[in-house]
Amino acid sequence: QPYVTVKCKMALHMVVLSTLLLHIVVAQATEYSTSRSLEGDQVLRLHPGTQDAVAMLDSLVFMPGMELDFWKPPSHVNQSVDVQVPRKDLPVVLDLLQRHSIPYDIMVDNLRLAVEKHMEDNHKARSRTAGRPARVDDFDFSVYHTWDEIDAFITDVQLTYPAIASLSSYAATFEGRPIQTLKLGKPSTSGETKPAIWIDAAIHCREWISPATVLYAIDQFARLYGSDPTVTRLLDELDWYFTPVFNIDGYIYTWSAPENRLWRKNRSAQPGPCVGVDLNRNWDTHFAETGASADPCSLIYHGAAPFSEPETRGISDFVLNHPEIKVYLAMHSYSQLWISPWGYSYARPPDYHLQNAMAIAAESASRAVHGEVYRVGRSIEILYAVAGGARDWAYDKAGVIYSYTVELRDTGRYGHLLPPDQILPTAEEIFPAYLKVGQWILDHPY
């Protein structure tokens, strides 16, 4: 009887929900073919206190005709949900929240103004080095950089440190740009293949703090080699692959105008009026199961098939062909989390205890810098259910035991619009975590 009651209640909720949304479901060609100005959009933090409330919010994730952007999707009772709501949808959404007794806070009152301030703050900070080339000896790590500047910097790292640095491209974007990967490590004198660590960022291109953090780490590794014993050992005995911007096409697009700043997907052409695939739903592990959409207009569209996108296809081929890769770190934001497999199942992986132990060690090293806490756990437990992602693929298909998603600062005050003054503190606390990861692999080989 309780099960029947819950099912009936949910059916009634869906009838009410469908009725309320009828007047805003319009042709998707109108909704998604052009960029909105973001004027009047709000970002709300919701506090679902019941399973019914979570289920109702989860239904909104896949509701056609709405352009809700869940910065932090619904997952568990009493776990907050962050959602960007277009101005036109606010009356309907606020009415739903009232009907379902879901409390909320307004995180961003006018998203257009918040984006403009974020970009203007970065522009002002960048004025310190405006017009100067992006070189190793004069690179400003306290600001966000364009793709051209990032590319110039990692190219200069290769030229400045030829004994330990090499630049290659193992994949290309939909628009034909090479995805640049910088390898750091002293070549083996014995000819043996060294264990390796893979670190990529900005597969979700709006998460600007992730490439900024990786660039700082690249500089620290290269600059400290030969003088710092820990760094020297880690480059002597390991190879490090850094891909600062995975989704280059999308990243460039986020710089093109304020209304594009929060673009998430790549820029591949799709059937109909919509553009892009969520590259972190496009991997060949439990593809299209949970936390992804079959709608090409959705921000979490998984693509037509696993590895339909050249970006994921090329990088996955490289990882599969390099079994020496022992760690896969996918850098994201936000929420301050170290996330291990799996996102699609509540079952613990066979290597859970090893995965959890390394994550705890890395988080402890990070927390020691500025006191910021990063929660450690599996995605389905501490974030949300999701399938078809890089982290789980690296573990399931490439055999990389230590495979993680790292969600950087913050916990929601700024979300995807983290101000430039947070870049260096974030990078400073993550670099020791990288060192700990490297030390762990040397001390726990497999």
# chains A, B, ... in the order shown; residues from 1 in each chain; ligands from 1
>>> residues_around(residues="Asp148 of chain A", least_positions_apart="2", cutoff="12 Å", atoms="only C-alpha atoms", output="ChimeraX atom specification")
/A:133-135,144-146,150-155,177,180,245,248-249,251-252,255
>>> residues_around(residues="Lys194 of chain A", least_positions_apart="2", cutoff="10 Å", atoms="only C-alpha atoms", output="ChimeraX atom specification")
/A:185-188,191-192,196-197,235-240,324-325
>>> atom_distance(atom1="atom CA of Thr50 of chain A", atom2="atom CA of Gly377 of chain A")
22.5 Å
>>> residues_around(residues="segment 336-341 of chain A", least_positions_apart="3", cutoff="6 Å", atoms="only C-alpha atoms", output="ChimeraX atom specification")
/A:374-379,392,404-409
>>> closest_atom_pairs(of="segment 290-355 of chain A", to="segment 278-282 of chain A", cutoff="9 Å", atoms="only C-alpha atoms", output="tab-separated table")
residue	atom	partner	partner_atom	distance
A:Gly291	CA	A:Arg281	CA	8.2
A:Ala292	CA	A:Arg281	CA	6.4
A:Ser293	CA	A:Arg281	CA	8.8
A:Ser298	CA	A:Asp278	CA	8.7
A:Leu299	CA	A:Asp278	CA	6.5
A:Ile300	CA	A:Asp278	CA	5.2
A:Tyr301	CA	A:Asp278	CA	5.5
A:His302	CA	A:Arg281	CA	4.8
A:Gly303	CA	A:Asn282	CA	6.1
A:Ala304	CA	A:Asn282	CA	8.6
A:Ala305	CA	A:Asn282	CA	7.2
A:Pro306	CA	A:Asn282	CA	5.2
A:Phe307	CA	A:Asn282	CA	5.6
A:Ser308	CA	A:Asn282	CA	7.1
A:Glu309	CA	A:Asn282	CA	7.5
A:Glu311	CA	A:Leu279	CA	7.8
A:Thr312	CA	A:Leu279	CA	6.7
>>> write_last_selection(atoms="N, CA and C atoms", output="PDB file, in the first residue's frame")
ATOM      1  N   GLY A 291      21.860  10.023 -16.029  1.00  0.00           N
ATOM      2  CA  GLY A 291      22.507  11.322 -15.959  1.00  0.00           C
ATOM      3  C   GLY A 291      22.883  11.895 -17.305  1.00  0.00           C
ATOM      4  N   ALA A 292      22.242  11.416 -18.374  1.00  0.00           N
ATOM      5  CA  ALA A 292      22.512  11.891 -19.724  1.00  0.00           C
ATOM      6  C   ALA A 292      21.203  11.938 -20.493  1.00  0.00           C
ATOM      7  N   SER A 293      21.197  12.692 -21.579  1.00  0.00           N
ATOM      8  CA  SER A 293      19.967  12.890 -22.354  1.00  0.00           C
ATOM      9  C   SER A 293      20.174  12.501 -23.806  1.00  0.00           C
ATOM     10  N   SER A 298      19.779  19.239 -25.253  1.00  0.00           N
ATOM     11  CA  SER A 298      20.084  19.193 -23.826  1.00  0.00           C
ATOM     12  C   SER A 298      21.550  19.488 -23.574  1.00  0.00           C
ATOM     13  N   LEU A 299      21.823  20.127 -22.444  1.00  0.00           N
ATOM     14  CA  LEU A 299      23.209  20.383 -22.044  1.00  0.00           C
ATOM     15  C   LEU A 299      23.949  19.100 -21.683  1.00  0.00           C
ATOM     16  N   ILE A 300      23.209  18.012 -21.431  1.00  0.00           N
ATOM     17  CA  ILE A 300      23.831  16.734 -21.094  1.00  0.00           C
ATOM     18  C   ILE A 300      23.562  15.695 -22.190  1.00  0.00           C
ATOM     19  N   TYR A 301      23.459  16.172 -23.432  1.00  0.00           N
ATOM     20  CA  TYR A 301      23.269  15.272 -24.571  1.00  0.00           C
ATOM     21  C   TYR A 301      24.486  14.367 -24.729  1.00  0.00           C
ATOM     22  N   HIS A 302      24.236  13.051 -24.802  1.00  0.00           N
ATOM     23  CA  HIS A 302      25.340  12.091 -24.802  1.00  0.00           C
ATOM     24  C   HIS A 302      25.925  11.818 -26.184  1.00  0.00           C
ATOM     25  N   GLY A 303      25.317  12.359 -27.224  1.00  0.00           N
ATOM     26  CA  GLY A 303      25.803  12.103 -28.569  1.00  0.00           C
ATOM     27  C   GLY A 303      25.089  10.933 -29.205  1.00  0.00           C
ATOM     28  N   ALA A 304      25.312  10.751 -30.502  1.00  0.00           N
ATOM     29  CA  ALA A 304      24.603   9.718 -31.246  1.00  0.00           C
ATOM     30  C   ALA A 304      25.070   8.315 -30.890  1.00  0.00           C
ATOM     31  N   ALA A 305      26.312   8.187 -30.435  1.00  0.00           N
ATOM     32  CA  ALA A 305      26.887   6.888 -30.109  1.00  0.00           C
ATOM     33  C   ALA A 305      28.122   7.110 -29.250  1.00  0.00           C
ATOM     34  N   PRO A 306      28.603   6.067 -28.558  1.00  0.00           N
ATOM     35  CA  PRO A 306      29.853   6.228 -27.813  1.00  0.00           C
ATOM     36  C   PRO A 306      30.978   6.671 -28.744  1.00  0.00           C
ATOM     37  N   PHE A 307      31.737   7.645 -28.286  1.00  0.00           N
ATOM     38  CA  PHE A 307      32.868   8.170 -29.051  1.00  0.00           C
ATOM     39  C   PHE A 307      32.450   8.696 -30.427  1.00  0.00           C
ATOM     40  N   SER A 308      31.261   9.253 -30.490  1.00  0.00           N
ATOM     41  CA  SER A 308      30.831   9.902 -31.730  1.00  0.00           C
ATOM     42  C   SER A 308      31.633  11.166 -32.000  1.00  0.00           C
ATOM     43  N   GLU A 309      32.275  11.698 -30.961  1.00  0.00           N
ATOM     44  CA  GLU A 309      32.982  12.968 -31.085  1.00  0.00           C
ATOM     45  C   GLU A 309      34.485  12.748 -31.262  1.00  0.00           C
ATOM     46  N   GLU A 311      36.964  14.423 -30.237  1.00  0.00           N
ATOM     47  CA  GLU A 311      37.736  14.712 -29.025  1.00  0.00           C
ATOM     48  C   GLU A 311      37.852  13.472 -28.140  1.00  0.00           C
ATOM     49  N   THR A 312      36.714  12.856 -27.812  1.00  0.00           N
ATOM     50  CA  THR A 312      36.738  11.688 -26.932  1.00  0.00           C
ATOM     51  C   THR A 312      37.338  10.478 -27.647  1.00  0.00           C
TER      52      THR A 312
END
>>> closest_residue(among="A:Tyr344, A:Pro271, A:His204, A:Val437", to="Leu329 of chain A", atoms="only C-alpha atoms")
A:Val437
>>> residues_around(residues="Pro445 of chain A", least_positions_apart="3", cutoff="10 Å", atoms="only C-alpha atoms", output="PyMOL selection string")
chain A and resi 195+326+440-442
>>> select_by_dssp(residues="segment 13-230 of chain A", states="strand (DSSP E)", output="ChimeraX atom specification")
/A:42-46,69-72,81-85,104-108,165-172,178-184,196-201
>>> residues_around(residues="Gly276 of chain A", least_positions_apart="5", cutoff="6 Å", atoms="only C-alpha atoms", output="VMD selection string")
chain A and resid 265 to 268
>>> residues_around(residues="Leu234 of chain A", least_positions_apart="6", cutoff="8 Å", atoms="only C-alpha atoms", output="PyMOL selection string")
chain A and resi 185+435+438-439
>>> write_last_selection(atoms="N, CA and C atoms", output="PDB file, in the first residue's frame")
ATOM      1  N   GLY A 185      58.562  14.964 -17.999  1.00  0.00           N
ATOM      2  CA  GLY A 185      59.251  13.820 -17.423  1.00  0.00           C
ATOM      3  C   GLY A 185      60.612  13.652 -18.079  1.00  0.00           C
ATOM      4  N   LEU A 435      51.360  16.119  -6.242  1.00  0.00           N
ATOM      5  CA  LEU A 435      52.590  15.512  -5.722  1.00  0.00           C
ATOM      6  C   LEU A 435      52.276  14.243  -4.938  1.00  0.00           C
ATOM      7  N   GLY A 438      51.471  11.375  -7.291  1.00  0.00           N
ATOM      8  CA  GLY A 438      52.682  10.803  -7.862  1.00  0.00           C
ATOM      9  C   GLY A 438      53.450   9.937  -6.875  1.00  0.00           C
ATOM     10  N   GLN A 439      53.585  10.427  -5.647  1.00  0.00           N
ATOM     11  CA  GLN A 439      54.282   9.653  -4.620  1.00  0.00           C
ATOM     12  C   GLN A 439      53.553   8.342  -4.343  1.00  0.00           C
TER      13      GLN A 439
END
>>> closest_residue(among="A:Arg128, A:Pro64, A:Glu175, A:Pro419", to="Ala269 of chain A", atoms="only C-alpha atoms")
A:Glu175
